[in-house]
$ cat structure31.txt   # compact mmCIF, C-alpha atoms and all ligand atoms
# COMPACT_ATOMS: atom_id res chain seq x y z
CA MET A 1 2.64 166.72 118.38
CA ASN A 2 2.22 163.90 115.88
CA VAL A 3 2.18 160.70 117.88
CA GLY A 4 4.19 157.81 116.49
CA LYS A 5 4.51 154.47 118.21
CA ILE A 6 3.02 154.04 121.68
CA PHE A 7 5.18 151.72 123.77
CA CYS A 8 3.78 150.48 127.06
CA VAL A 9 5.68 148.82 129.89
CA GLY A 10 4.05 146.10 131.99
CA ARG A 11 5.02 145.36 135.61
CA ASN A 12 7.37 148.26 136.24
CA TYR A 13 6.51 148.70 139.95
CA ARG A 14 7.07 145.89 142.45
CA GLU A 15 3.77 146.27 144.31
CA HIS A 16 1.78 146.19 141.07
CA ALA A 17 3.52 143.00 139.94
CA ASN A 18 2.62 141.54 143.36
CA GLU A 19 -1.05 142.56 143.16
CA MET A 20 -1.26 140.97 139.68
CA LYS A 21 0.38 137.83 141.15
CA ALA A 22 3.03 138.19 138.43
CA GLU A 23 6.75 137.49 138.75
CA LEU A 24 9.10 140.47 138.91
CA PRO A 25 10.47 140.92 135.40
CA THR A 26 14.18 140.59 134.70
CA GLU A 27 13.69 142.64 131.54
CA PRO A 28 10.82 144.97 130.58
CA VAL A 29 7.51 143.55 129.37
CA ILE A 30 6.65 145.64 126.29
CA PHE A 31 3.39 145.98 124.36
CA LEU A 32 1.99 148.58 121.94
CA LYS A 33 -1.18 150.63 121.64
CA PRO A 34 -2.29 152.22 118.34
CA PRO A 35 -2.10 156.05 118.18
CA SER A 36 -5.88 156.08 117.52
CA ALA A 37 -6.40 154.93 121.13
CA ILE A 38 -5.37 158.37 122.45
CA ILE A 39 -7.98 160.75 123.82
CA HIS A 40 -7.62 164.06 125.64
CA PRO A 41 -9.88 165.58 128.31
CA PRO A 42 -12.84 165.95 128.31
CA GLU A 43 -13.41 163.07 125.88
CA PRO A 44 -14.95 160.10 127.72
CA ILE A 45 -13.36 156.69 128.15
CA VAL A 46 -15.71 154.21 126.49
CA ARG A 47 -15.93 150.69 127.92
CA PRO A 48 -16.67 148.47 124.91
CA ALA A 49 -19.75 146.21 124.98
CA PHE A 50 -17.60 143.05 124.96
CA SER A 51 -16.06 143.81 128.38
CA LYS A 52 -17.46 144.16 131.90
CA GLU A 53 -14.13 144.80 133.69
CA LEU A 54 -12.43 148.08 132.78
CA HIS A 55 -9.39 148.95 134.94
CA HIS A 56 -7.51 152.24 135.38
CA GLU A 57 -3.68 152.23 135.30
CA ALA A 58 -2.20 155.70 135.87
CA GLU A 59 1.25 156.09 134.32
CA LEU A 60 4.05 158.56 133.67
CA VAL A 61 4.25 159.07 129.91
CA VAL A 62 7.51 160.04 128.19
CA ALA A 63 7.38 161.80 124.82
CA LEU A 64 10.46 161.52 122.61
CA GLY A 65 11.82 164.51 120.72
CA SER A 66 14.43 162.47 118.89
CA GLY A 67 15.29 158.83 118.48
CA GLY A 68 17.52 156.38 116.74
CA ARG A 69 18.83 152.88 117.30
CA ASN A 70 21.09 151.56 120.05
CA ILE A 71 20.87 154.71 122.16
CA SER A 72 23.08 154.55 125.26
CA ALA A 73 21.64 155.20 128.73
CA GLU A 74 23.84 158.33 128.82
CA GLU A 75 22.38 159.64 125.53
CA ALA A 76 18.80 158.67 126.44
CA PRO A 77 17.86 161.78 128.51
CA GLY A 78 18.69 163.93 125.48
CA CYS A 79 15.94 162.16 123.51
CA ILE A 80 13.21 163.23 125.96
CA LEU A 81 10.91 165.96 124.67
CA GLY A 82 8.74 166.03 127.77
CA TYR A 83 6.40 164.29 130.15
CA GLY A 84 2.70 163.79 130.56
CA VAL A 85 0.32 161.71 132.60
CA GLY A 86 -1.69 158.97 130.94
CA LEU A 87 -4.04 156.12 131.69
CA ASP A 88 -3.30 152.67 130.33
CA MET A 89 -6.97 151.66 130.33
CA THR A 90 -7.22 147.89 130.40
CA LEU A 91 -10.04 145.39 129.80
CA ARG A 92 -8.94 143.07 132.61
CA ASP A 93 -11.43 140.30 131.74
CA VAL A 94 -10.31 140.27 128.09
CA GLN A 95 -6.64 140.37 129.17
CA ALA A 96 -7.18 137.45 131.58
CA VAL A 97 -8.52 135.28 128.74
CA ALA A 98 -5.60 136.31 126.50
CA LYS A 99 -3.06 135.52 129.25
CA LYS A 100 -4.64 132.12 129.87
CA LYS A 101 -4.56 131.22 126.17
CA GLY A 102 -1.11 132.75 125.56
CA LEU A 103 -2.60 135.27 123.12
CA PRO A 104 -1.60 138.93 122.56
CA TRP A 105 -3.05 141.72 124.74
CA THR A 106 -3.85 144.00 121.79
CA THR A 107 -7.64 144.02 122.23
CA ALA A 108 -7.45 144.33 126.04
CA LYS A 109 -4.98 147.23 125.86
CA GLY A 110 -5.42 148.96 122.49
CA PHE A 111 -9.18 149.47 122.06
CA ASP A 112 -10.50 152.96 121.19
CA THR A 113 -10.15 155.43 124.11
CA SER A 114 -7.68 153.16 125.92
CA ALA A 115 -4.96 155.85 126.07
CA PRO A 116 -6.17 159.04 127.79
CA LEU A 117 -3.26 161.49 127.74
CA SER A 118 -2.50 164.95 129.11
CA GLU A 119 -0.61 167.72 127.41
CA ILE A 120 3.16 167.19 127.31
CA ILE A 121 5.22 169.34 129.68
CA PRO A 122 8.68 170.09 128.22
CA ALA A 123 11.62 168.38 129.91
CA ASP A 124 14.13 170.62 131.68
CA PRO A 125 17.52 170.01 129.99
CA ALA A 126 19.24 170.64 133.35
CA HIS A 127 17.10 167.93 135.06
CA PRO A 128 15.85 165.71 132.22
CA VAL A 129 14.67 162.84 134.43
CA PRO A 130 12.78 164.34 137.39
CA VAL A 131 10.90 162.38 140.04
CA PHE A 132 7.14 162.87 139.92
CA ASP A 133 4.40 162.00 142.42
CA LEU A 134 1.97 159.94 140.36
CA THR A 135 -1.59 159.77 141.68
CA CYS A 136 -4.94 158.45 140.51
CA ARG A 137 -8.34 159.21 142.01
CA VAL A 138 -11.69 157.67 141.10
CA ASN A 139 -14.77 159.72 142.03
CA GLY A 140 -12.49 161.82 144.25
CA ILE A 141 -11.07 158.86 146.20
CA GLU A 142 -7.36 158.10 145.91
CA ARG A 143 -6.61 154.69 144.36
CA GLN A 144 -2.96 154.98 143.31
CA ARG A 145 0.04 156.93 144.64
CA ALA A 146 3.73 156.38 143.94
CA LYS A 147 6.95 158.18 143.19
CA THR A 148 8.20 157.54 139.65
CA SER A 149 11.62 156.80 141.20
CA GLU A 150 10.07 153.50 142.37
CA MET A 151 10.04 152.16 138.80
CA ILE A 152 11.99 148.91 138.35
CA PHE A 153 13.26 150.07 134.94
CA SER A 154 14.13 153.79 134.80
CA VAL A 155 13.25 156.10 131.91
CA PRO A 156 16.84 156.14 130.50
CA PHE A 157 16.98 152.34 130.81
CA LEU A 158 13.68 151.98 128.93
CA ILE A 159 14.81 154.28 126.09
CA ARG A 160 18.07 152.38 125.77
CA TYR A 161 16.31 149.00 125.92
CA LEU A 162 13.58 149.90 123.40
CA SER A 163 16.19 151.29 120.97
CA THR A 164 17.90 147.90 120.81
CA ILE A 165 14.65 146.44 119.36
CA PHE A 166 12.84 149.30 117.59
CA THR A 167 14.00 152.42 115.76
CA LEU A 168 12.83 155.22 118.05
CA GLU A 169 11.43 158.36 116.43
CA LYS A 170 10.32 161.85 117.36
CA GLY A 171 6.70 161.60 118.52
CA ASP A 172 7.00 158.14 120.03
CA LEU A 173 5.48 157.78 123.50
CA ILE A 174 6.38 155.48 126.37
CA PHE A 175 3.71 154.61 128.96
CA THR A 176 6.14 153.62 131.72
CA GLY A 177 3.96 151.27 133.79
CA THR A 178 1.54 151.62 136.69
CA PRO A 179 2.01 151.39 140.45
CA SER A 180 -0.23 149.28 142.69
CA GLY A 181 -3.86 150.16 143.32
CA VAL A 182 -5.33 149.39 139.90
CA GLY A 183 -9.03 148.60 139.96
CA VAL A 184 -12.39 148.59 138.27
CA VAL A 185 -14.11 151.68 136.94
CA ASN A 186 -17.70 151.65 135.74
CA PRO A 187 -19.83 153.85 133.47
CA GLY A 188 -20.60 157.05 135.35
CA ASP A 189 -17.28 157.11 137.21
CA THR A 190 -14.74 159.92 136.89
CA ILE A 191 -10.97 159.23 136.85
CA GLU A 192 -8.33 161.85 137.64
CA ALA A 193 -4.63 161.18 137.14
CA SER A 194 -1.91 163.65 138.09
CA LEU A 195 1.84 164.15 138.13
CA GLY A 196 2.24 165.98 141.43
CA GLY A 197 -0.16 168.69 140.33
CA VAL A 198 2.20 169.65 137.48
CA VAL A 199 -0.13 168.19 134.90
CA SER A 200 -3.36 166.25 135.27
CA ILE A 201 -6.30 164.78 133.37
CA GLU A 202 -9.90 164.04 134.24
CA HIS A 203 -12.09 161.69 132.20
CA GLY A 204 -15.57 160.29 132.65
CA VAL A 205 -16.35 156.66 131.82
CA THR A 206 -19.23 155.71 129.51
CA GLU A 207 -20.55 152.51 127.98
CA GLY A 208 -20.01 151.59 124.33
MG MG B 301 0.06 149.66 132.29
$ encode --input "structure31.txt" --output "structure tokens"
Amino acid sequence: MNVGKIFCVGRNYREHANEMKAELPTEPVIFLKPPSAIIHPPEPIVRPAFSKELHHEAELVVALGSGGRNISAEEAPGCILGYGVGLDMTLRDVQAVAKKKGLPWTTAKGFDTSAPLSEIIPADPAHPVPVFDLTCRVNGIERQRAKTSEMIFSVPFLIRYLSTIFTLEKGDLIFTGTPSGVGVVNPGDTIEASLGGVVSIEHGVTEG
């Protein structure tokens, strides 16, 4: 699949917004990663030299098979090509400085290797928006677990919302936000993220 735009949603699970001491959003917080940030197993996640605080954020990823503008919530499920599991790797120290200064998160969120991604599992047209168990383990120890039904903004809502701002296209991805339990990973660690055993990824962390 040729990847187009990579949309990411911030604060889409209540408990994660709480742990970040952030207000619950009344509309989605959206940012972008460049397609060059994507890696697939077994490529390592590289913590760049300018950061000492790399965090894992396991997320359900939606791949679009079609797009358009002003898509209704009813039409949105028909745009879904399939699902994968991804990691929105985040340089939390760099992001904290950006937040404080009111600057964009691009460096903290879009650096090389910041978007580990599984294969995409085709959506079932009869059940286009299933509920997945999303989990993340670091060195075999569980750090994150949630049902994707706990998202504040659902997948159809996000597709509708994004299409009022951006023209959506085949190949676009949506990283739908992370549940609570985010935390530091260091060089030498191994991160596993899974959608209920349906699809999973495992990546080691190295130093840049
Ligand atoms: Mg995230």
$ closest_residue --input "structure31.txt" --among "A:Gly110, A:Pro35, A:Pro122, A:Pro41" --to "ligand MG 301 (chain B)" --atoms "only C-alpha atoms and all ligand atoms"
A:Gly110
$ atom_distance --input "structure31.txt" --atom1 "atom CA of A:Cys8" --atom2 "atom CA of A:His127"
23.4 Å
$ atom_distance --input "structure31.txt" --atom1 "atom CA of A:Thr148" --atom2 "atom CA of A:Tyr13"
9.0 Å
$ residues_near_ligand --input "structure31.txt" --ligand "ligand MG 301 (chain B)" --cutoff "6 Å" --atoms "all atoms listed in the file" --output "ChimeraX atom specification"
/A:10,57,88,177-178
$ closest_residue --input "structure31.txt" --among "A:Pro77, A:Pro42, A:Gly86, A:Gly4" --to "A:Glu202" --atoms "all atoms listed in the file"
A:Pro42
$ residues_around --input "structure31.txt" --residues "stretch 135-145 of chain A" --least-positions-apart "3" --cutoff "7 Å" --atoms "only C-alpha atoms" --output "PyMOL selection string"
chain A and resi 58+179-182+189-195
$ closest_residue --input "structure31.txt" --among "A:Asn12, A:Val184, A:Ile120, A:Pro48" --to "A:Glu27" --atoms "only C-alpha atoms"
A:Asn12
$ closest_residue --input "structure31.txt" --among "A:Gln95, A:Phe132, A:Pro25, A:Asp172" --to "A:Lys147" --atoms "only C-alpha atoms"
A:Phe132
$ closest_residue --input "structure31.txt" --among "A:Ala115, A:Leu103, A:Ile45, A:Val62" --to "A:Leu32" --atoms "only C-alpha atoms"
A:Ala115
$ atom_distance --input "structure31.txt" --atom1 "atom CA of A:Glu74" --atom2 "atom CA of A:Pro156"
7.5 Å
$ closest_residue --input "structure31.txt" --among "A:Ile80, A:Val205, A:Ile39, A:Ala49" --to "A:Thr113" --atoms "all atoms listed in the file"
A:Ile39
$ decode --input "structure31.txt" --residues "stretch 134-147 of chain A" --atoms "all heavy atoms" --output "compact mmCIF listing (two decimals), in the first residue's frame"
# COMPACT_ATOMS: atom_id res chain seq x y z
N LEU A 134 -6.66 -3.51 22.52
CA LEU A 134 -5.37 -2.91 22.18
C LEU A 134 -4.43 -3.10 23.37
O LEU A 134 -4.78 -2.72 24.50
CB LEU A 134 -5.59 -1.42 21.89
CG LEU A 134 -4.38 -0.54 21.61
CD1 LEU A 134 -3.66 -0.99 20.34
CD2 LEU A 134 -4.84 0.91 21.46
N THR A 135 -3.28 -3.71 23.14
CA THR A 135 -2.33 -3.91 24.25
C THR A 135 -0.93 -3.51 23.84
O THR A 135 -0.58 -3.53 22.65
CB THR A 135 -2.29 -5.38 24.71
OG1 THR A 135 -1.97 -6.20 23.60
CG2 THR A 135 -3.61 -5.81 25.33
N CYS A 136 -0.13 -3.15 24.84
CA CYS A 136 1.28 -2.83 24.61
C CYS A 136 2.10 -3.41 25.75
O CYS A 136 1.74 -3.24 26.93
CB CYS A 136 1.46 -1.31 24.55
SG CYS A 136 3.16 -0.81 24.19
N ARG A 137 3.16 -4.12 25.40
CA ARG A 137 4.05 -4.70 26.39
C ARG A 137 5.47 -4.19 26.13
O ARG A 137 5.87 -4.05 24.97
CB ARG A 137 4.06 -6.23 26.29
CG ARG A 137 2.72 -6.86 26.63
CD ARG A 137 2.57 -8.25 26.02
NE ARG A 137 3.38 -9.25 26.69
CZ ARG A 137 2.99 -9.95 27.75
NH1 ARG A 137 1.77 -9.75 28.24
NH2 ARG A 137 3.77 -10.83 28.31
N VAL A 138 6.19 -3.92 27.19
CA VAL A 138 7.60 -3.52 27.08
C VAL A 138 8.41 -4.56 27.84
O VAL A 138 8.16 -4.80 29.03
CB VAL A 138 7.83 -2.11 27.64
CG1 VAL A 138 9.32 -1.76 27.60
CG2 VAL A 138 7.03 -1.08 26.85
N ASN A 139 9.35 -5.19 27.14
CA ASN A 139 10.16 -6.27 27.72
C ASN A 139 9.27 -7.32 28.38
O ASN A 139 9.58 -7.86 29.44
CB ASN A 139 11.17 -5.72 28.74
CG ASN A 139 12.09 -4.68 28.11
OD1 ASN A 139 12.37 -4.74 26.92
ND2 ASN A 139 12.54 -3.72 28.90
N GLY A 140 8.13 -7.60 27.73
CA GLY A 140 7.23 -8.66 28.19
C GLY A 140 6.25 -8.23 29.27
O GLY A 140 5.39 -9.03 29.67
N ILE A 141 6.36 -7.01 29.76
CA ILE A 141 5.47 -6.55 30.84
C ILE A 141 4.41 -5.60 30.26
O ILE A 141 4.74 -4.65 29.54
CB ILE A 141 6.28 -5.84 31.94
CG1 ILE A 141 7.23 -6.87 32.59
CG2 ILE A 141 5.36 -5.21 33.00
CD1 ILE A 141 8.29 -6.27 33.47
N GLU A 142 3.13 -5.90 30.59
CA GLU A 142 2.05 -5.11 30.02
C GLU A 142 2.06 -3.68 30.56
O GLU A 142 2.12 -3.46 31.76
CB GLU A 142 0.71 -5.77 30.35
CG GLU A 142 -0.46 -5.10 29.64
CD GLU A 142 -1.73 -5.91 29.79
OE1 GLU A 142 -1.83 -6.99 29.17
OE2 GLU A 142 -2.61 -5.47 30.55
N ARG A 143 1.99 -2.72 29.63
CA ARG A 143 1.96 -1.29 29.99
C ARG A 143 0.62 -0.64 29.63
O ARG A 143 0.19 0.30 30.29
CB ARG A 143 3.07 -0.54 29.24
CG ARG A 143 4.49 -0.92 29.62
CD ARG A 143 5.04 0.03 30.67
NE ARG A 143 6.47 -0.15 30.86
CZ ARG A 143 7.41 0.65 30.34
NH1 ARG A 143 7.07 1.66 29.56
NH2 ARG A 143 8.69 0.44 30.57
N GLN A 144 0.00 -1.11 28.55
CA GLN A 144 -1.24 -0.49 28.08
C GLN A 144 -2.24 -1.58 27.70
O GLN A 144 -1.86 -2.58 27.08
CB GLN A 144 -1.00 0.39 26.85
CG GLN A 144 -0.09 1.58 27.10
CD GLN A 144 0.01 2.48 25.88
OE1 GLN A 144 0.81 2.23 25.00
NE2 GLN A 144 -0.84 3.51 25.82
N ARG A 145 -3.51 -1.37 28.07
CA ARG A 145 -4.60 -2.27 27.67
C ARG A 145 -5.90 -1.48 27.63
O ARG A 145 -6.23 -0.79 28.60
CB ARG A 145 -4.73 -3.45 28.63
CG ARG A 145 -5.93 -4.35 28.34
CD ARG A 145 -6.01 -5.54 29.28
NE ARG A 145 -4.99 -6.53 28.99
CZ ARG A 145 -5.11 -7.51 28.09
NH1 ARG A 145 -6.24 -7.62 27.39
NH2 ARG A 145 -4.13 -8.37 27.88
N ALA A 146 -6.61 -1.56 26.53
CA ALA A 146 -7.89 -0.86 26.42
C ALA A 146 -8.71 -1.50 25.31
O ALA A 146 -8.16 -2.23 24.46
CB ALA A 146 -7.69 0.61 26.11
N LYS A 147 -10.01 -1.26 25.34
CA LYS A 147 -10.85 -1.62 24.21
C LYS A 147 -10.97 -0.37 23.33
O LYS A 147 -11.12 0.74 23.85
CB LYS A 147 -12.24 -2.06 24.69
CG LYS A 147 -12.22 -3.40 25.39
CD LYS A 147 -13.61 -3.99 25.46
CE LYS A 147 -13.60 -5.33 26.17
NZ LYS A 147 -12.76 -6.35 25.51
